[in-house]
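Enquirer: Dropping the structure in here first, questions after.
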Number of protein chains: 2
Amino acid sequence: MRDHTVPVDAPGRSRGLGVGEFHLAGGFWGGLQAANTAATLRHCLEWMERLGWIANFDRVARGDTGGERPGWQFSDSEIYKLMEALAWEYGRTGSTWAEETLATLTERVAAAQDEDGYLNTCYGHAGQADRYSDLSSGHELYCTGHLLQAAVARLRTVGEDKLVEVARQAADEVCRTFGADGRDGICGHPEIEVGLAELGRALQEPRYTEQARLFIERRGRGTLKPVTLLDAAYFQDDLPVREADAWRGHAVRALYLAAGAVDVAVDTGDAELLNAVERQWDRSVSRRTYLTGGMGSRHQDEGFGEDWELPPDRAYCETCAGIASNMVSWRLYLATGDVKYADLMERTFYNVIAASPAEDGRSFFYANPLHQRSAAADVRPDEVNPRAEGGVRAPWFDVSCCPTNLARTLASWQAYAASVEGEQVSLLQYAAGDMRIAMGEGEELVLRITTAYPQEGTVRIEALEVPDRPISLRLRVPHWADGARLATDTGAQAVDPGWASPQGPLRPGAVIVLRLPVEPRFTWPDERIDAVRGCVAVERGPLVLCAESTDLPNEEAIETFRVDPSIPPRAEREGAIVQATMAAATSTPGALPYGPNPRRFDAAATLELGLIPYHRWAQRGSTAMRVFLPTV
Amino acid sequence: MRDHTVPVDAPGRSRGLGVGEFHLAGGFWGGLQAANTAATLRHCLEWMERLGWIANFDRVARGDTGGERPGWQFSDSEIYKLMEALAWEYGRTGSTWAEETLATLTERVAAAQDEDGYLNTCYGHAGQADRYSDLSSGHELYCTGHLLQAAVARLRTVGEDKLVEVARQAADEVCRTFGADGRDGICGHPEIEVGLAELGRALQEPRYTEQARLFIERRGRGTLKPVTLLDAAYFQDDLPVREADAWRGHAVRALYLAAGAVDVAVDTGDAELLNAVERQWDRSVSRRTYLTGGMGSRHQDEGFGEDWELPPDRAYCETCAGIASNMVSWRLYLATGDVKYADLMERTFYNVIAASPAEDGRSFFYANPLHQRSAAADVRPDEVNPRAEGGVRAPWFDVSCCPTNLARTLASWQAYAASVEGEQVSLLQYAAGDMRIAMGEGEELVLRITTAYPQEGTVRIEALEVPDRPISLRLRVPHWADGARLATDTGAQAVDPGWASPQGPLRPGAVIVLRLPVEPRFTWPDERIDAVRGCVAVERGPLVLCAESTDLPNEEAIETFRVDPSIPPRAEREGAIVQATMAAATSTPGALPYGPNPRRFDAAATLELGLIPYHRWAQRGSTAMRVFLPTV
């Protein structure tokens, strides 16, 4: 029933796992995935029914499009992201509910498709603006891109079906309208590029890849009509993709565009384009990325800032930007095999993506700041949150891109856990469970992975079944794992960050144990990051830790404690303990908070301050929080 | 021709100077005022004619209001602010051009006024939305408030005229529509409050004061329809004025509202309301204000941030917010006599307001950040700037509130230089020139002030004419002036910051010399201001200094020099020299800018780094800049 074709790979090159190839045995990601299954998928469906976003399709189908339409112009995309999530969910678990729900949604969506394949509930029908009349803000091609990605999830789990047919017609309409002989336009919000490229690859349809290429090449010539108070960089229309050195403007747009560019570069053999995205990744990750892996330094445009502009308090770090960052890193990893991309993915998985959902899977962070100055007001469970501010998880948002994006990402997490390059398997993300990997010729490699990672650092891999030919295994040693060790039947050895490979081909029954050091450690920011000068962070394995005012005498203390970095942090439960001074803040004299002398707070008391994993912050109620801890 | 009634005072209380009471003899403010006279006033007029903002009035007058209307819905206010500037200009200088231009504008504005007094070019006519149909964003009452302030400038310089009559009719229409028995509404952008209160005071018309009071009291009950992505705090509709502890939301709105509240509190004897604004000033100045006096930490809503949220790079510090801050501080000074308000005004005058205009008075900063990471792109002199980003002065903006606000403020700067409390004169701002102050009974106090302040710290005051009764003089000693001295005929003495008063009544011919220490000095931020931890600033007298990349080996060095605070800064020309280390920035290993060890840059060379006054930054071309200097 579930086949093993996989997302986002290309034949003959590195591929990720099929979502059915890795059965998690609980653990960190198993837990998040269970909440997604049990709650988030239904939660998204219920909210979108309640708000009328799904009924928009029914209204188009009945020709009842006059009057006010619920939702933003891009609300169709949320239904498509949920459909993608349901497709992965069914592919992974065989859930009848997921399959039936997807089928129903497919019917409702298909009924709204115009004769010629155009499919959008906001434009092009009676009482609506014309098709493609506002490419800057209309988001029609953006929505279509998400439709195509949903169809690809279907292709990679069950094969052709009605959703794929709907997507094919929609893609054909896009190619007719915006092809080489058609309209010379692009969409204000990239996404059609990656959607077309993925669908082209999955269906082996070069027309779609070519259309994606056209959209990529057309970008950066300033053809999009400016939006009030935002410039061309906002939607990456300031510079051609292959000329840019860094990501800029709206983070999700920049990253979806980069993801599509990698797909096009790989499938057209365009090394220059691939190199451009690698260059952008290097510059943006080394100068415009948060310790959590979060991207987006500005609320104003949900965008990247300049180099070194990384304020922890006003960090936007949108959940969707974390997801989009992983889309780019995943593609670059598959294209190049460079372990650094998988390293960043792990960081982003644990500290952006995992931070978003509440434990019950029914409320979400949209923004993921690294410093919350005062506890946010609580959000009512039945209220749409008008703002994307950080500090409190909300059940739904006015612009509600994150919950469905999270749903599709969690439903397909397995895909990113390992990659297969011919006769080599690379383990990328560690979690307990059984991997049953198709190795060609009808044979499977079966690995049993036992670990309590990231709580503990030991990962035990047992080869239960191995094809009867030389298969090699390599294990990612994270960049922070100084002092890692690898043990096999033949002995143990120290391994450096990067790749660790047991010697020789894998034998059935072989047991490999990777020991990663997950003691808490101090991490220091580059001196050029002004906003966290004089601070240190604490990490533990792949987890960024944080201090919450819940563990301090009062909320204001989030600004007045000072950590002593001469005393190493020590492990405690899931987090760590650091030695701190609780200071009595003495106001500067005079009206302004600036004075003639460097002022050190008066140490009033020392305390052992408990830190928790960042992804769990605000789970105990609304709180003030910080990741970067000022030092004494 | 010019009388000596003054802005914003109340009979029997402290008053500021009439704009004609102080003739500047060049100097810092004389120079800025000359550029305003020679260039800015005409510049604003030309731009608003070119863009059709003034012609909007003609179109209403001819009944030709169908079709697209140039300018934002609040563009009328820019014409009114220019008219206010022209009124002060004529009052101060007797300029025929100013008087004739004002007369012409008054005719054009008056011709657009409806029969019942309503006056707005965007609403209420054929093809336009209904009057007051969008109180949240329509800005009609905001525009009217500026009209009333223009009329007050006229009343305080020449008395009743046509502009005053237009304003009176407009105010009457507002009172009829929004009075106690009328519509229970408020304007999304405060300004009508201060306009009505000022007009009520100037005309001794209690109805206007009462209407201002009603608008103040109605605020903070969440009656304004929310604007996308912004909450009620954005327009201060979250909390009643008398209950709030700090300013929040859009800075200019918060401050215009506070200014109106002080006027109402003073004129109705409402001590609780006055105390509320004093409390808000204390909290906001001590925790939400930049070293420059700038206010507004966020671009997103042009607004205040939370306590201690003061990023130098993304500081908004809108020029208009500096002007509005001085409107509030001025009123609080007149109401309480507390010198701290005049201290903040000086800081804001020199480091926000004076920073905005280019030397030629034809381009302006809208935002005034304290850190520019990379040189901004140049702006063409004939282009409307779409964005309010910092880094480059632009001739005009899409939302162009700052140039005309600056014009009216510079044209009336004299008003704030001294105050008169019965038989006492308080010198507040130091500048060379002759003060000829009406002291009642037809008598004048004439003071000749000689100084090169702020370049030098000596202020010489000679009493040329003194009324034949005891007149006392007091001099503001700025809060930073540790070591100031006051010399009179009877000897010299050290004086503390606050007030310095020569002993006994002033005698004709008396000479008083105040010596303020204007050597450069280090200034340290409160430890709770995260964004500038580990940094020091340099000030010189009232001037905040800054480093520009123009004076560094390259633009990136703005992030890598480190100042040695053990070596005091020394004076050089207008600025200072500090001892710095030029460091070779070594990247952190790995992809991300975070690493296992605290990284100190390798000192590559030491240099003497020249600092210039902040208000002059980017005068030598586009540049990277910072006020807060990281220390070694």
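Note on naming: chains are A, B, ... as they come in the structure tokens, residues start from 1 per chain, ligands start from 1 in the order shown.
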Counting only C-alpha atoms, what are the residues of chain B within 8 Å of chain A, and for each of them which pair of atoms is the nearest and at what distance in Å, to one decimal? Sort the table by chain and rising number, as a tab-separated table.

Expert:
```
residue	atom	partner	partner_atom	distance
B:Thr228	CA	A:Pro386	CA	7.7
B:Leu229	CA	A:Arg387	CA	5.4
B:Leu230	CA	A:Arg387	CA	7.2
B:Asp231	CA	A:Arg387	CA	8.0
B:Asp282	CA	A:Ala591	CA	6.8
B:Val285	CA	A:Leu592	CA	5.7
B:Ser286	CA	A:Leu592	CA	4.6
B:Arg287	CA	A:Pro593	CA	6.4
B:Thr289	CA	A:Leu592	CA	7.3
B:Leu291	CA	A:Tyr594	CA	6.9
B:His299	CA	A:Gln300	CA	6.2
B:Gln300	CA	A:Gln300	CA	4.3
B:Asp301	CA	A:Gln300	CA	7.9
B:Glu306	CA	A:Arg373	CA	7.3
B:Asp307	CA	A:Arg373	CA	8.0
B:Glu309	CA	A:Asp313	CA	7.9
B:Pro311	CA	A:Ala531	CA	7.5
B:Asp313	CA	A:Glu309	CA	7.9
B:Lys340	CA	A:Ala591	CA	7.1
B:Arg373	CA	A:Glu306	CA	7.3
B:Pro386	CA	A:Leu229	CA	6.0
B:Arg387	CA	A:Leu229	CA	5.3
B:Ala388	CA	A:Leu229	CA	7.8
B:His479	CA	A:Gly590	CA	7.4
B:Arg521	CA	A:Pro596	CA	7.7
B:Phe522	CA	A:Pro596	CA	6.3
B:Thr523	CA	A:Pro596	CA	4.9
B:Trp524	CA	A:Gly595	CA	5.3
B:Pro525	CA	A:Tyr594	CA	4.4
B:Asp526	CA	A:Pro593	CA	5.2
B:Glu527	CA	A:Arg599	CA	6.8
B:Arg528	CA	A:Glu559	CA	5.8
B:Asp530	CA	A:Ala531	CA	6.6
B:Ala531	CA	A:Ala531	CA	4.4
B:Val532	CA	A:Ala531	CA	6.7
B:Arg533	CA	A:Arg533	CA	6.0
B:Gly534	CA	A:Gly534	CA	6.1
B:Glu559	CA	A:Arg528	CA	5.8
B:Thr560	CA	A:Arg528	CA	6.9
B:Ser587	CA	A:Asp526	CA	7.5
B:Thr588	CA	A:Asp526	CA	6.4
B:Gly590	CA	A:His479	CA	7.4
B:Ala591	CA	A:Ser286	CA	5.5
B:Leu592	CA	A:Ser286	CA	4.6
B:Pro593	CA	A:Ser286	CA	5.2
B:Tyr594	CA	A:Pro525	CA	4.4
B:Gly595	CA	A:Trp524	CA	5.3
B:Pro596	CA	A:Thr523	CA	4.8
B:Asn597	CA	A:Trp524	CA	5.9
B:Pro598	CA	A:Trp524	CA	5.4
B:Arg599	CA	A:Glu527	CA	6.8
B:Arg600	CA	A:Glu527	CA	7.2
B:Phe601	CA	A:Glu527	CA	7.6
```

Enquirer: So that I can see what lies close to Ala415 in chain B, please list as a list of chain:residue names the residues with an atom at most 7 Å from it, counting only C-alpha atoms and leaving out residues fewer than 4 positions away in the same chain.

Expert: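 Everything that qualifies: B:Gly16, B:Leu17, B:Gly18, B:Val19.
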
Enquirer: Please provide the set of residues having any atom within 8 Å of Tyr316 in chain A, restricted to only C-alpha atoms, with same-chain residues fewer than 5 positions apart removed, written as a PyMOL selection string.

Expert: chain A and resi 295-299+302-303+367-369+390

Enquirer: Take the residues that were just selected and, keeping C-alpha atoms, output them as a PDB file, in the first residue's frame.

Expert:
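New file selection.pdb:
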```
ATOM      1  CA  MET A 295      15.756  32.947  10.684  1.00  0.00           C
ATOM      2  CA  GLY A 296      14.137  36.364  10.440  1.00  0.00           C
ATOM      3  CA  SER A 297      15.346  39.253  12.594  1.00  0.00           C
ATOM      4  CA  ARG A 298      12.547  41.683  11.911  1.00  0.00           C
ATOM      5  CA  HIS A 299       8.847  41.834  12.640  1.00  0.00           C
ATOM      6  CA  GLU A 302       8.883  39.080   8.711  1.00  0.00           C
ATOM      7  CA  GLY A 303      12.328  39.273   7.232  1.00  0.00           C
ATOM      8  CA  ALA A 367       7.259  33.720  16.123  1.00  0.00           C
ATOM      9  CA  ASN A 368      10.057  32.165  18.150  1.00  0.00           C
ATOM     10  CA  PRO A 369      12.019  34.931  19.890  1.00  0.00           C
ATOM     11  CA  GLY A 390       5.930  35.688  20.452  1.00  0.00           C
TER      12      GLY A 390
END
```

Enquirer: Within range 394-430 of chain A, find each residue whose DSSP state, derived from the backbone, is strand (DSSP E), and express the selection as a list in words.

Expert: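 Filtering range 394-430 of chain A down to strand (DSSP E) leaves Trp396, Phe397, Ala418, Ser419, Val420, Glu421, Gln424, Val425, Ser426 and Leu427 of chain A.
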
Enquirer: Identify which of the residues B:Gly127, B:Gln204, B:Ala39, B:Gly91 lies closest to Arg154 in chain B, counting only C-alpha atoms when measuring atom-to-atom distances.

Expert: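 Of the candidates, the smallest distance to Arg154 in chain B is held by B:Gly91.
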
Enquirer: Can you tell me which residues surround Arg485 in chain B at a distance of at most 6 Å, considering only C-alpha atoms, apart from same-chain residues fewer than 3 positions away, and format the answer as a ChimeraX atom specification?

Expert: /B:493-495,514-515
